[in-house]
Amino acid sequence: MSGTTATATATAGPAAEELTAAQAHALAAQRANPSYAGHHVGQYIELVGPLDCATLEEALGRTLDEAPWLRFRLRLDAGRYVQAPVAPRATGRRLLRLDTSAAPDPRAAALELVRGRLAGPPRLELLLDPSAPEHTPDLVGAALVTLGPDHHLLVQYFHQLAVDGYGVALLSRRVSEHYTALTTGSAPPASPFAPVSVLARAERAYVRSAAHAADLEAWTRRYRVPPAPVRPAGRTAPPGDTTVRRTLLLGAADSAAVTAAARPAGGTWGEAVLAACAAHLAGYGATAETQMALYATARTAPGTLRVPGTTVNILPVRLTAGPRDTFRDLVRQAATELEFLRRHQRVRGEVLARRIWPGPPGARVPGLLVNLRPFETELDFGGTAGHVVSLASGPVDDLAVAASRLPDGRLRLDVDGNPALYDDTSLAEHARGFADMLTALARTPDRPTRRSAALPADGEAGPLPLLPAAHRLRAASCPADPCHEAVLLDVPAGLSASSLRRTLAGLVRRHPALRLALRRTDGVWSQEVRPAPAFPASADPGLLRRIPVAGSTPEDRDRLVAAAVGTAAGELDPAGGRVLRAVWFDGGPDEPGGLLLVIHLLSVDDVGWQTLIDELPLLQTQSVVERAGAAGGLLAWAARLGAEAGSGPRIAELPYWSQLTRSPAGRSWPPGRDGHRVVTRLELTTPQEPADDAPHPLDVLLLAALARTAHARPRLHDGSGLVAELELPRPGHAPRTAGRLTTVHTVRLPLPPGPGAEADAYDRAVLALGAVPGQGRGLEQLRHLNPRSSWALCRAAASGTSAVRRRALRPPTPAGLPRRSPAGPCRTRSTRPVADSRWRARCTSSSSRRRLAAAGASSPCSGAGPTRCSPRPRPVR
């Protein structure tokens with residue numbers, strides 16, 4: 001409970017104690033992924049009525065005085081971690097207070113603040129540092145958010161290292177008791193809490209007993225043939241920092257029908273919910289048997305129900321929803337399963353997972369996660385009603401259903417989905433499917449259950465014909481996997497890993513090229529766009545990596561960025577669909593940070609970079625669809641290029657391109673030991689894009705300068721002209737989405753006839769470019785996309801000179817949006833593509849460099865490290 005600590009008069013804390021099994025499991029998972037925030041969960045209590053904030057703060061402090069073991073640090077003792085108590089902070093009691101009453105939707109604004117609090121994983125480096133106990137992070141926190149007059153939310157957030165959902169219920173009830181006693185002037189009941197040592201010692205005694213061996217044998221015998229878990233999405237993904245949630249509240253009549261239908265079968269509303277989950281999942285499985293996972297408190301030893309600590313367990317349950325099984329049959333099965341589970345609930349679920357399902361990573365019981373919450377949902381704060389609402393209960397691998405019963409008998413269903421597998425629409429269909437199945441079966445409990453239909457696939461997906469950029473990369477003589485571009489952005493202080501993952505997930509869902517998978521079999525290339533729900537964007541631990549940089553010097557940050565570019569590029573795997581990696585340089589709550597985006601070459605060009613940069617702040621505010629319009633269109637664009645390649649106008653260009661590509665070309669100079677270097681940099685004011693098919697002024701200037709330079713260098717030309725390859729940005733009618741949609745074509749530039757004729761080089765370049773049919777887009781279409789014409793161009797000689805016109809990137813200013821201030825969600829600091837020294841070192845031959853330039857790879861001539869760029873680029877050093 002953030003900022004709320006014990007007073008100086010508190011009694012000495014308990015001695016160091018071993019971790020419970022649940023704590024050890026949470027610690028191992030957190031250490032494996034320190035930036036993961038899914039173990040930081042919580043709830044809020046909605047308080048409607050008069051409230052004394054100072055008294056509530058005192059009640060929180062007194063509650064924590066009675067549970068001093070909730071603030072601890074970790075240390076190794078004989079090779080095992082123990083929790084050592086830490087003295088209270090000297091800052092005293094403080095309850096963080098926030099106010100969203102001025103917001104258009106105060107509740108939504110409050111919940112957004114709450115999500116930010118939940119998105120902060122603990123600083124393990126401080127929790128494990130024995131030299132600085134005063135810096136030990138709080139694992140339990142609280143904030144009071146004012147929504148309006150006499151309307152507040154008491155938000156409680158906690159890490160599973162310190163306390164589980166049952167423990168939070170104990171703490172909440174005790175806070176209400178202290179508040180009521182303080183406001184009425186009465187003495188509170190004696191503290192109901194027992195220390196965490198009760199849990200740890202009970203576990204140690206159980207593991208050494210014959211009861212543990214018998215329970216383990218019972219589970220093993222029951223799951224000798226393990227059932228396959230049902231996956232409604234048809235795929236798997238690591239759990240995300242946050243979840244997508246849909247909440248449904250059943251009416252009084254429907255809730256009463258559920259309870260009435262379950263009673264004759266020997267069950268309660270909990271067994272009815274479990275039976276309905278099995279019936280709903282039956283439509284997605286290959287068999288009638290449904291494998292699920294269920295939360296258990298694992299508190300059966302004496303005194304353990306009085307400990308606000310962590311023992312939560314997740315255990316398997318399975319039901320068979322056959323074609324003739326009725327709802328009451330399923331309820332009877334559920335009652336039998338829960339009876340077995342309660343008798344053997346102290347066997348750890350992670351132990352069973354490793355023994356029964358050794359495949360899933362993280363040693364968690366697979367399947368739909370069901371949380372039957374028997375905790376109090378209404379509390380009394382001195383006459384002010386407090387309504388308890390759970391926000392999150394821990395990591396969700398696929399789907400999770402939490403059910404609770406309100407005091408008036410109505411049932412509340414919270415359906416959470418892994419954001420890598422479900423979006424708002426698909427999750428809403430599942431939530432409605434659960435509710436409809438539950439109410440329909442309760443109304444007709446003696447009829448056979450019916451299978452629900454699987455959700456249809458959505459999103460732009462499917463085989464993607466190779467675009468010209470892919471053909472260029474295939475023709476290069478260097479490995480394609482690490483070929484990439486990178487951009488470094490400024491981000492403000494106080495961001496969270498979960499919000500950044502959510503933003504990246506939005507980019508991946510919107511842009512098909514960020515879901516690109518490249519297949520190469522015996523030299524044959526093919527590619528596909530994976531479905532949006534299948535891509536583990538927000539949950540893939542490798543998608544976003546966090547590097548703390550608070551207090552670092554600019555030079556240290558530069559070195560970290562340079563190293564991160566190479567590391568992220570090495571993690572790219574086009575065959576596995578991993579074409580995007582991100583690194584968050586976290587400056588902490590007070591210092592701005594950086595966000596490094598590394599994307600495979602086939603998935604981005606300059607226009608695509610600008611599109612992604614423009615959408616980042618919109619995705620932070622969840623308004624990208626309304627403000628930026630629809631994305632996509634990559635598959636349609638590829639089909640259009642293939643159709644154009646066989647059209648009459650393109651076929652008519654074949655003689656022009658055949659004659660031009662058969663022309664002899666000059667040779668470039670061999671590279672030195674460190675590759676070529678940039679010796680000249682020219683910065684010009686960018687002219688307006690030409691409205692017609694006239695050559696771009698920058699192309700004319702560049703090619704005229706090349707022709708003048710080549711006149712005195714016979715190695716570059718054949719005596720009558722300079723043959724150069726020109727890569728242009730994507731055409732204006734290309735889709736506004738990520739992807740490499742640039743084109744490359746050959747142009748023959750006439751040389752000045754003599755030393756005194758350089759003045760007409762510009763006019764000669766204008767004529768040469770004006771003679772190119774269709775702005776050069778037909779060359780690659782005829783060479784790569786039309787099998788009838790490719791034979792005539794397949795032996796085209798590579799040019800010794802390549803020119804690439806790139807677009808300078810700017811800070812995010814989408815059309816119709818004002819330029820964001822430095823306090824905005826995300827602004828561009830470094831938007832120049834970053835060169836990769838590892839790729840440069842691998843490609844040292846002149847032919848490979850020429851092909852890489854034609855493929856648009858990071859140029860060996862750009863610097864080895866990231867370039868610091870403001871909206872106006874500065875020279876590369």
# chains A, B, ... in the order shown; residues from 1 in each chain; ligands from 1
>>> residues_around(residues="Val747 of chain A", least_positions_apart="2", cutoff="7 Å", atoms="only C-alpha atoms", output="MDAnalysis selection string")
chainID A and resid 723:725 745 749
>>> residues_around(residues="Ala734 of chain A", least_positions_apart="2", cutoff="9 Å", atoms="only C-alpha atoms", output="compact mmCIF listing (two decimals) with all heavy atoms, in the first residue's frame")
# COMPACT_ATOMS: atom_id res chain seq x y z
N GLY A 633 -3.73 -3.40 -46.35
CA GLY A 633 -3.73 -3.31 -47.80
C GLY A 633 -2.50 -3.89 -48.46
O GLY A 633 -2.32 -3.74 -49.67
N LEU A 634 -1.65 -4.57 -47.68
CA LEU A 634 -0.41 -5.08 -48.25
C LEU A 634 -0.68 -6.22 -49.23
O LEU A 634 -0.06 -6.29 -50.30
CB LEU A 634 0.51 -5.56 -47.12
CG LEU A 634 1.93 -5.93 -47.52
CD1 LEU A 634 2.66 -4.73 -48.08
CD2 LEU A 634 2.69 -6.51 -46.34
N TRP A 637 -2.02 -4.83 -52.44
CA TRP A 637 -0.96 -4.13 -53.16
C TRP A 637 -0.08 -5.13 -53.91
O TRP A 637 0.27 -4.91 -55.08
CB TRP A 637 -0.14 -3.30 -52.19
CG TRP A 637 1.11 -2.70 -52.75
CD1 TRP A 637 2.39 -3.08 -52.50
CD2 TRP A 637 1.21 -1.60 -53.67
NE1 TRP A 637 3.27 -2.29 -53.19
CE2 TRP A 637 2.57 -1.37 -53.91
CE3 TRP A 637 0.27 -0.80 -54.31
CZ2 TRP A 637 3.02 -0.37 -54.76
CZ3 TRP A 637 0.72 0.20 -55.15
CH2 TRP A 637 2.08 0.41 -55.38
N ARG A 730 8.41 4.74 -51.97
CA ARG A 730 7.20 4.13 -52.51
C ARG A 730 6.35 5.17 -53.22
O ARG A 730 6.35 6.36 -52.85
CB ARG A 730 6.40 3.49 -51.40
CG ARG A 730 5.84 4.50 -50.39
CD ARG A 730 4.94 3.86 -49.37
NE ARG A 730 5.65 2.96 -48.49
CZ ARG A 730 5.07 2.34 -47.46
NH1 ARG A 730 3.79 2.56 -47.19
NH2 ARG A 730 5.76 1.53 -46.69
N PRO A 731 5.62 4.79 -54.25
CA PRO A 731 4.75 5.74 -54.95
C PRO A 731 3.61 6.21 -54.05
O PRO A 731 3.25 5.57 -53.06
CB PRO A 731 4.23 4.94 -56.15
CG PRO A 731 4.37 3.51 -55.74
CD PRO A 731 5.58 3.45 -54.85
N GLY A 732 3.03 7.34 -54.42
CA GLY A 732 1.99 7.94 -53.60
C GLY A 732 0.73 7.11 -53.50
O GLY A 732 -0.02 7.26 -52.54
N ARG A 736 -0.94 2.98 -47.08
CA ARG A 736 -0.31 3.60 -45.92
C ARG A 736 -0.16 2.54 -44.83
O ARG A 736 -1.00 2.39 -43.94
CB ARG A 736 -1.14 4.78 -45.41
CG ARG A 736 -0.54 5.48 -44.19
CD ARG A 736 -1.41 6.63 -43.73
NE ARG A 736 -0.99 7.14 -42.45
CZ ARG A 736 0.02 7.99 -42.27
NH1 ARG A 736 0.69 8.43 -43.33
NH2 ARG A 736 0.36 8.42 -41.08
N THR A 737 0.90 1.79 -44.92
CA THR A 737 1.15 0.72 -43.95
C THR A 737 2.63 0.45 -43.95
O THR A 737 3.38 0.93 -44.81
CB THR A 737 0.36 -0.54 -44.32
OG1 THR A 737 0.55 -1.53 -43.31
CG2 THR A 737 0.82 -1.12 -45.65
N LEU A 741 8.12 -1.03 -49.75
CA LEU A 741 7.43 -0.88 -51.03
C LEU A 741 8.20 0.02 -51.98
O LEU A 741 7.63 0.59 -52.90
CB LEU A 741 6.02 -0.30 -50.79
CG LEU A 741 5.17 -1.02 -49.74
CD1 LEU A 741 3.77 -0.43 -49.69
CD2 LEU A 741 5.10 -2.51 -50.02
>>> closest_residue(among="A:Gly267, A:Arg581, A:Ala652, A:Leu369", to="Leu504 of chain A", atoms="only C-alpha atoms")
A:Arg581
>>> select_by_dssp(residues="segment 27-95 of chain A", states="helix (DSSP H, G or I)", output="list of chain:residue names")
A:Leu27, A:Ala28, A:Ala29, A:Gln30, A:Arg31, A:Ala32, A:Cys53, A:Ala54, A:Thr55, A:Leu56, A:Glu57, A:Glu58, A:Ala59, A:Leu60, A:Gly61, A:Arg62, A:Thr63, A:Leu64, A:Asp65, A:Pro68, A:Trp69, A:Leu70
>>> residues_around(residues="Ala392 of chain A", least_positions_apart="5", cutoff="10 Å", atoms="only C-alpha atoms", output="list in words")
Gly38, His39, His40, Val41, Gly42, Gln43, Arg115, Leu118, Tyr157, Gly165, Thr242, Thr243, Arg245, Ala402, Asp414 and Asp416 of chain A
>>> residues_around(residues="Gln30 of chain A", least_positions_apart="4", cutoff="9 Å", atoms="only C-alpha atoms", output="list in words")
His25, Ala26, Pro34, Ser35, Tyr36, Ala37, His39, Pro121, Pro122 and Leu124 of chain A
>>> atom_distance(atom1="atom CA of Ala321 of chain A", atom2="atom CA of Cys277 of chain A")
10.2 Å
>>> select_by_dssp(residues="segment 36-157 of chain A", states="strand (DSSP E)", output="PyMOL selection string")
chain A and resi 40-48+72-77+80-85+96-99+140-148+151-157
>>> write_last_selection(atoms="C-alpha atoms", output="CSV table (one decimal), in the first residue's frame")
chain,number,residue,atom,x,y,z
A,40,HIS,CA,1.8,-7.2,-10.0
A,41,VAL,CA,-2.0,-7.4,-9.6
A,42,GLY,CA,-4.7,-5.7,-7.6
A,43,GLN,CA,-8.2,-4.6,-6.9
A,44,TYR,CA,-10.1,-1.5,-5.9
A,45,ILE,CA,-12.8,-0.7,-3.4
A,46,GLU,CA,-15.4,1.7,-4.6
A,47,LEU,CA,-16.5,3.9,-1.7
A,48,VAL,CA,-19.8,5.8,-2.1
A,72,PHE,CA,11.1,-7.6,3.2
A,73,ARG,CA,14.2,-8.0,1.2
A,74,LEU,CA,15.6,-11.3,-0.1
A,75,ARG,CA,19.0,-12.8,0.7
A,76,LEU,CA,20.6,-16.2,0.2
A,77,ASP,CA,21.0,-18.5,3.1
A,80,ARG,CA,18.1,-20.8,-0.7
A,81,TYR,CA,16.4,-17.4,-0.7
A,82,VAL,CA,14.9,-16.2,2.6
A,83,GLN,CA,12.8,-13.2,3.3
A,84,ALA,CA,14.4,-10.9,5.8
A,85,PRO,CA,12.1,-8.2,7.4
A,96,LEU,CA,-1.1,8.5,-2.4
A,97,ARG,CA,-4.1,10.7,-3.4
A,98,LEU,CA,-5.2,11.3,-6.9
A,99,ASP,CA,-8.2,13.2,-8.4
A,140,VAL,CA,2.1,-3.8,-1.4
A,141,GLY,CA,0.6,-0.4,-2.2
A,142,ALA,CA,-2.5,1.7,-2.2
A,143,ALA,CA,-3.8,4.9,-3.7
A,144,LEU,CA,-7.1,6.9,-3.1
A,145,VAL,CA,-8.6,8.3,-6.3
A,146,THR,CA,-11.4,10.9,-6.0
A,147,LEU,CA,-14.1,10.6,-8.6
A,148,GLY,CA,-16.4,13.2,-7.3
A,151,HIS,CA,-17.2,9.1,-4.4
A,152,HIS,CA,-13.7,7.4,-4.2
A,153,LEU,CA,-11.8,4.4,-5.3
A,154,LEU,CA,-9.3,2.8,-2.8
A,155,VAL,CA,-6.9,1.1,-5.1
A,156,GLN,CA,-4.8,-1.7,-3.7
A,157,TYR,CA,-2.0,-3.1,-5.8
>>> residues_around(residues="Ala761 of chain A", least_positions_apart="3", cutoff="8 Å", atoms="only C-alpha atoms", output="PyMOL selection string")
chain A and resi 704-705+707-708+751-752+757-758+764-765
>>> write_last_selection(atoms="N, CA, C and O atoms", output="PDB file, in the first residue's frame")
ATOM      1  N   ALA A 704      22.924  14.277 -61.684  1.00  0.00           N
ATOM      2  CA  ALA A 704      23.779  15.202 -62.420  1.00  0.00           C
ATOM      3  C   ALA A 704      25.152  15.283 -61.776  1.00  0.00           C
ATOM      4  O   ALA A 704      26.190  15.301 -62.466  1.00  0.00           O
ATOM      5  N   ALA A 705      25.177  15.337 -60.444  1.00  0.00           N
ATOM      6  CA  ALA A 705      26.473  15.368 -59.759  1.00  0.00           C
ATOM      7  C   ALA A 705      27.244  14.073 -59.982  1.00  0.00           C
ATOM      8  O   ALA A 705      28.468  14.083 -60.156  1.00  0.00           O
ATOM      9  N   ALA A 707      27.066  12.135 -62.641  1.00  0.00           N
ATOM     10  CA  ALA A 707      27.581  12.131 -64.009  1.00  0.00           C
ATOM     11  C   ALA A 707      28.823  13.003 -64.129  1.00  0.00           C
ATOM     12  O   ALA A 707      29.790  12.636 -64.810  1.00  0.00           O
ATOM     13  N   ARG A 708      28.798  14.158 -63.480  1.00  0.00           N
ATOM     14  CA  ARG A 708      29.969  15.045 -63.546  1.00  0.00           C
ATOM     15  C   ARG A 708      31.168  14.412 -62.850  1.00  0.00           C
ATOM     16  O   ARG A 708      32.304  14.528 -63.302  1.00  0.00           O
ATOM     17  N   LEU A 751      27.348  11.305 -70.276  1.00  0.00           N
ATOM     18  CA  LEU A 751      28.436  12.052 -69.653  1.00  0.00           C
ATOM     19  C   LEU A 751      28.627  13.390 -70.345  1.00  0.00           C
ATOM     20  O   LEU A 751      28.356  13.528 -71.540  1.00  0.00           O
ATOM     21  N   PRO A 752      29.095  14.402 -69.620  1.00  0.00           N
ATOM     22  CA  PRO A 752      29.429  15.668 -70.284  1.00  0.00           C
ATOM     23  C   PRO A 752      30.501  15.429 -71.344  1.00  0.00           C
ATOM     24  O   PRO A 752      31.442  14.647 -71.120  1.00  0.00           O
ATOM     25  N   ALA A 757      31.813  21.415 -70.412  1.00  0.00           N
ATOM     26  CA  ALA A 757      30.388  21.205 -70.676  1.00  0.00           C
ATOM     27  C   ALA A 757      29.623  20.709 -69.452  1.00  0.00           C
ATOM     28  O   ALA A 757      28.546  20.150 -69.576  1.00  0.00           O
ATOM     29  N   GLU A 758      30.167  20.918 -68.230  1.00  0.00           N
ATOM     30  CA  GLU A 758      29.472  20.432 -67.039  1.00  0.00           C
ATOM     31  C   GLU A 758      28.172  21.177 -66.785  1.00  0.00           C
ATOM     32  O   GLU A 758      27.298  20.693 -66.088  1.00  0.00           O
ATOM     33  N   ARG A 764      20.850  17.270 -68.960  1.00  0.00           N
ATOM     34  CA  ARG A 764      21.017  15.905 -69.441  1.00  0.00           C
ATOM     35  C   ARG A 764      20.357  14.897 -68.478  1.00  0.00           C
ATOM     36  O   ARG A 764      19.739  13.921 -68.908  1.00  0.00           O
ATOM     37  N   ALA A 765      20.496  15.152 -67.148  1.00  0.00           N
ATOM     38  CA  ALA A 765      19.861  14.265 -66.175  1.00  0.00           C
ATOM     39  C   ALA A 765      18.341  14.344 -66.274  1.00  0.00           C
ATOM     40  O   ALA A 765      17.640  13.332 -66.143  1.00  0.00           O
TER      41      ALA A 765
END
>>> closest_residue(among="A:Leu473, A:Val351, A:Leu281, A:Ala15", to="Gly322 of chain A", atoms="only C-alpha atoms")
A:Leu281
>>> residues_around(residues="segment 341-349 of chain A", least_positions_apart="6", cutoff="10 Å", atoms="only C-alpha atoms", output="ChimeraX atom specification")
/A:21-22,25,203,206-207,211-216,218-219,293-301,311-317,335,355,363-365
>>> atom_distance(atom1="atom CA of Ala564 of chain A", atom2="atom CA of His600 of chain A")
15.0 Å
>>> atom_distance(atom1="atom CA of Ala803 of chain A", atom2="atom CA of Leu703 of chain A")
7.9 Å
>>> residues_around(residues="segment 426-438 of chain A", least_positions_apart="6", cutoff="8 Å", atoms="only C-alpha atoms", output="list in words")
Val244, Arg245, Arg246, Thr247, Leu248, Leu250, Val258, Ala272, Val273, Ala276, Cys277, Ala279, His280, Leu413, Val415, Asp416, Gly417, Ser452 and Leu455 of chain A
>>> decode(residues="segment 735-745 of chain A", atoms="all heavy atoms", output="PDB file, in the first residue's frame")
ATOM      1  N   PRO A 735      -0.247   1.646 -50.373  1.00  0.00           N
ATOM      2  CA  PRO A 735      -1.015   1.697 -49.120  1.00  0.00           C
ATOM      3  C   PRO A 735      -0.215   2.335 -47.997  1.00  0.00           C
ATOM      4  O   PRO A 735       1.017   2.274 -47.961  1.00  0.00           O
ATOM      5  CB  PRO A 735      -1.295   0.218 -48.826  1.00  0.00           C
ATOM      6  CG  PRO A 735      -0.222  -0.531 -49.528  1.00  0.00           C
ATOM      7  CD  PRO A 735       0.070   0.256 -50.770  1.00  0.00           C
ATOM      8  N   ARG A 736      -0.940   2.984 -47.078  1.00  0.00           N
ATOM      9  CA  ARG A 736      -0.307   3.603 -45.916  1.00  0.00           C
ATOM     10  C   ARG A 736      -0.159   2.540 -44.825  1.00  0.00           C
ATOM     11  O   ARG A 736      -1.000   2.389 -43.943  1.00  0.00           O
ATOM     12  CB  ARG A 736      -1.138   4.780 -45.414  1.00  0.00           C
ATOM     13  CG  ARG A 736      -0.540   5.480 -44.186  1.00  0.00           C
ATOM     14  CD  ARG A 736      -1.413   6.629 -43.733  1.00  0.00           C
ATOM     15  NE  ARG A 736      -0.985   7.144 -42.446  1.00  0.00           N
ATOM     16  CZ  ARG A 736       0.024   7.988 -42.272  1.00  0.00           C
ATOM     17  NH1 ARG A 736       0.691   8.428 -43.329  1.00  0.00           N
ATOM     18  NH2 ARG A 736       0.357   8.416 -41.077  1.00  0.00           N
ATOM     19  N   THR A 737       0.899   1.785 -44.917  1.00  0.00           N
ATOM     20  CA  THR A 737       1.147   0.724 -43.955  1.00  0.00           C
ATOM     21  C   THR A 737       2.632   0.445 -43.950  1.00  0.00           C
ATOM     22  O   THR A 737       3.381   0.926 -44.812  1.00  0.00           O
ATOM     23  CB  THR A 737       0.359  -0.543 -44.323  1.00  0.00           C
ATOM     24  OG1 THR A 737       0.554  -1.531 -43.308  1.00  0.00           O
ATOM     25  CG2 THR A 737       0.817  -1.120 -45.653  1.00  0.00           C
ATOM     26  N   ALA A 738       3.076  -0.313 -42.962  1.00  0.00           N
ATOM     27  CA  ALA A 738       4.475  -0.717 -42.934  1.00  0.00           C
ATOM     28  C   ALA A 738       4.755  -1.695 -44.060  1.00  0.00           C
ATOM     29  O   ALA A 738       3.856  -2.333 -44.595  1.00  0.00           O
ATOM     30  CB  ALA A 738       4.812  -1.333 -41.582  1.00  0.00           C
ATOM     31  N   GLY A 739       6.025  -1.838 -44.390  1.00  0.00           N
ATOM     32  CA  GLY A 739       6.427  -2.709 -45.484  1.00  0.00           C
ATOM     33  C   GLY A 739       7.459  -2.004 -46.345  1.00  0.00           C
ATOM     34  O   GLY A 739       7.542  -0.771 -46.356  1.00  0.00           O
ATOM     35  N   ARG A 740       8.238  -2.786 -47.052  1.00  0.00           N
ATOM     36  CA  ARG A 740       9.233  -2.187 -47.945  1.00  0.00           C
ATOM     37  C   ARG A 740       8.647  -2.177 -49.346  1.00  0.00           C
ATOM     38  O   ARG A 740       8.678  -3.176 -50.068  1.00  0.00           O
ATOM     39  CB  ARG A 740      10.549  -2.957 -47.911  1.00  0.00           C
ATOM     40  CG  ARG A 740      11.669  -2.161 -48.563  1.00  0.00           C
ATOM     41  CD  ARG A 740      13.041  -2.572 -48.101  1.00  0.00           C
ATOM     42  NE  ARG A 740      14.008  -1.507 -48.333  1.00  0.00           N
ATOM     43  CZ  ARG A 740      14.302  -0.549 -47.476  1.00  0.00           C
ATOM     44  NH1 ARG A 740      13.695  -0.539 -46.309  1.00  0.00           N
ATOM     45  NH2 ARG A 740      15.183   0.389 -47.758  1.00  0.00           N
ATOM     46  N   LEU A 741       8.121  -1.025 -49.750  1.00  0.00           N
ATOM     47  CA  LEU A 741       7.428  -0.878 -51.027  1.00  0.00           C
ATOM     48  C   LEU A 741       8.204   0.015 -51.979  1.00  0.00           C
ATOM     49  O   LEU A 741       7.630   0.590 -52.904  1.00  0.00           O
ATOM     50  CB  LEU A 741       6.022  -0.300 -50.794  1.00  0.00           C
ATOM     51  CG  LEU A 741       5.168  -1.018 -49.743  1.00  0.00           C
ATOM     52  CD1 LEU A 741       3.769  -0.434 -49.694  1.00  0.00           C
ATOM     53  CD2 LEU A 741       5.104  -2.513 -50.021  1.00  0.00           C
ATOM     54  N   THR A 742       9.493   0.152 -51.758  1.00  0.00           N
ATOM     55  CA  THR A 742      10.323   0.964 -52.649  1.00  0.00           C
ATOM     56  C   THR A 742      10.566   0.229 -53.964  1.00  0.00           C
ATOM     57  O   THR A 742      10.366  -0.986 -54.072  1.00  0.00           O
ATOM     58  CB  THR A 742      11.665   1.279 -51.983  1.00  0.00           C
ATOM     59  OG1 THR A 742      12.344   0.046 -51.693  1.00  0.00           O
ATOM     60  CG2 THR A 742      11.468   2.038 -50.689  1.00  0.00           C
ATOM     61  N   THR A 743      11.006   0.971 -54.946  1.00  0.00           N
ATOM     62  CA  THR A 743      11.335   0.399 -56.255  1.00  0.00           C
ATOM     63  C   THR A 743      12.752   0.790 -56.634  1.00  0.00           C
ATOM     64  O   THR A 743      13.284   1.814 -56.198  1.00  0.00           O
ATOM     65  CB  THR A 743      10.366   0.911 -57.335  1.00  0.00           C
ATOM     66  OG1 THR A 743      10.478   2.343 -57.430  1.00  0.00           O
ATOM     67  CG2 THR A 743       8.936   0.542 -56.980  1.00  0.00           C
ATOM     68  N   VAL A 744      13.374  -0.041 -57.473  1.00  0.00           N
ATOM     69  CA  VAL A 744      14.727   0.209 -57.984  1.00  0.00           C
ATOM     70  C   VAL A 744      14.685   0.077 -59.503  1.00  0.00           C
ATOM     71  O   VAL A 744      14.081  -0.869 -60.017  1.00  0.00           O
ATOM     72  CB  VAL A 744      15.750  -0.785 -57.392  1.00  0.00           C
ATOM     73  CG1 VAL A 744      17.106  -0.646 -58.080  1.00  0.00           C
ATOM     74  CG2 VAL A 744      15.906  -0.551 -55.894  1.00  0.00           C
ATOM     75  N   HIS A 745      15.279   1.012 -60.183  1.00  0.00           N
ATOM     76  CA  HIS A 745      15.379   0.878 -61.640  1.00  0.00           C
ATOM     77  C   HIS A 745      16.721   1.431 -62.109  1.00  0.00           C
ATOM     78  O   HIS A 745      17.395   2.188 -61.408  1.00  0.00           O
ATOM     79  CB  HIS A 745      14.221   1.590 -62.349  1.00  0.00           C
ATOM     80  CG  HIS A 745      14.288   3.083 -62.283  1.00  0.00           C
ATOM     81  ND1 HIS A 745      15.011   3.841 -63.180  1.00  0.00           N
ATOM     82  CD2 HIS A 745      13.700   3.964 -61.447  1.00  0.00           C
ATOM     83  CE1 HIS A 745      14.877   5.113 -62.882  1.00  0.00           C
ATOM     84  NE2 HIS A 745      14.079   5.225 -61.846  1.00  0.00           N
TER      85      HIS A 745
END
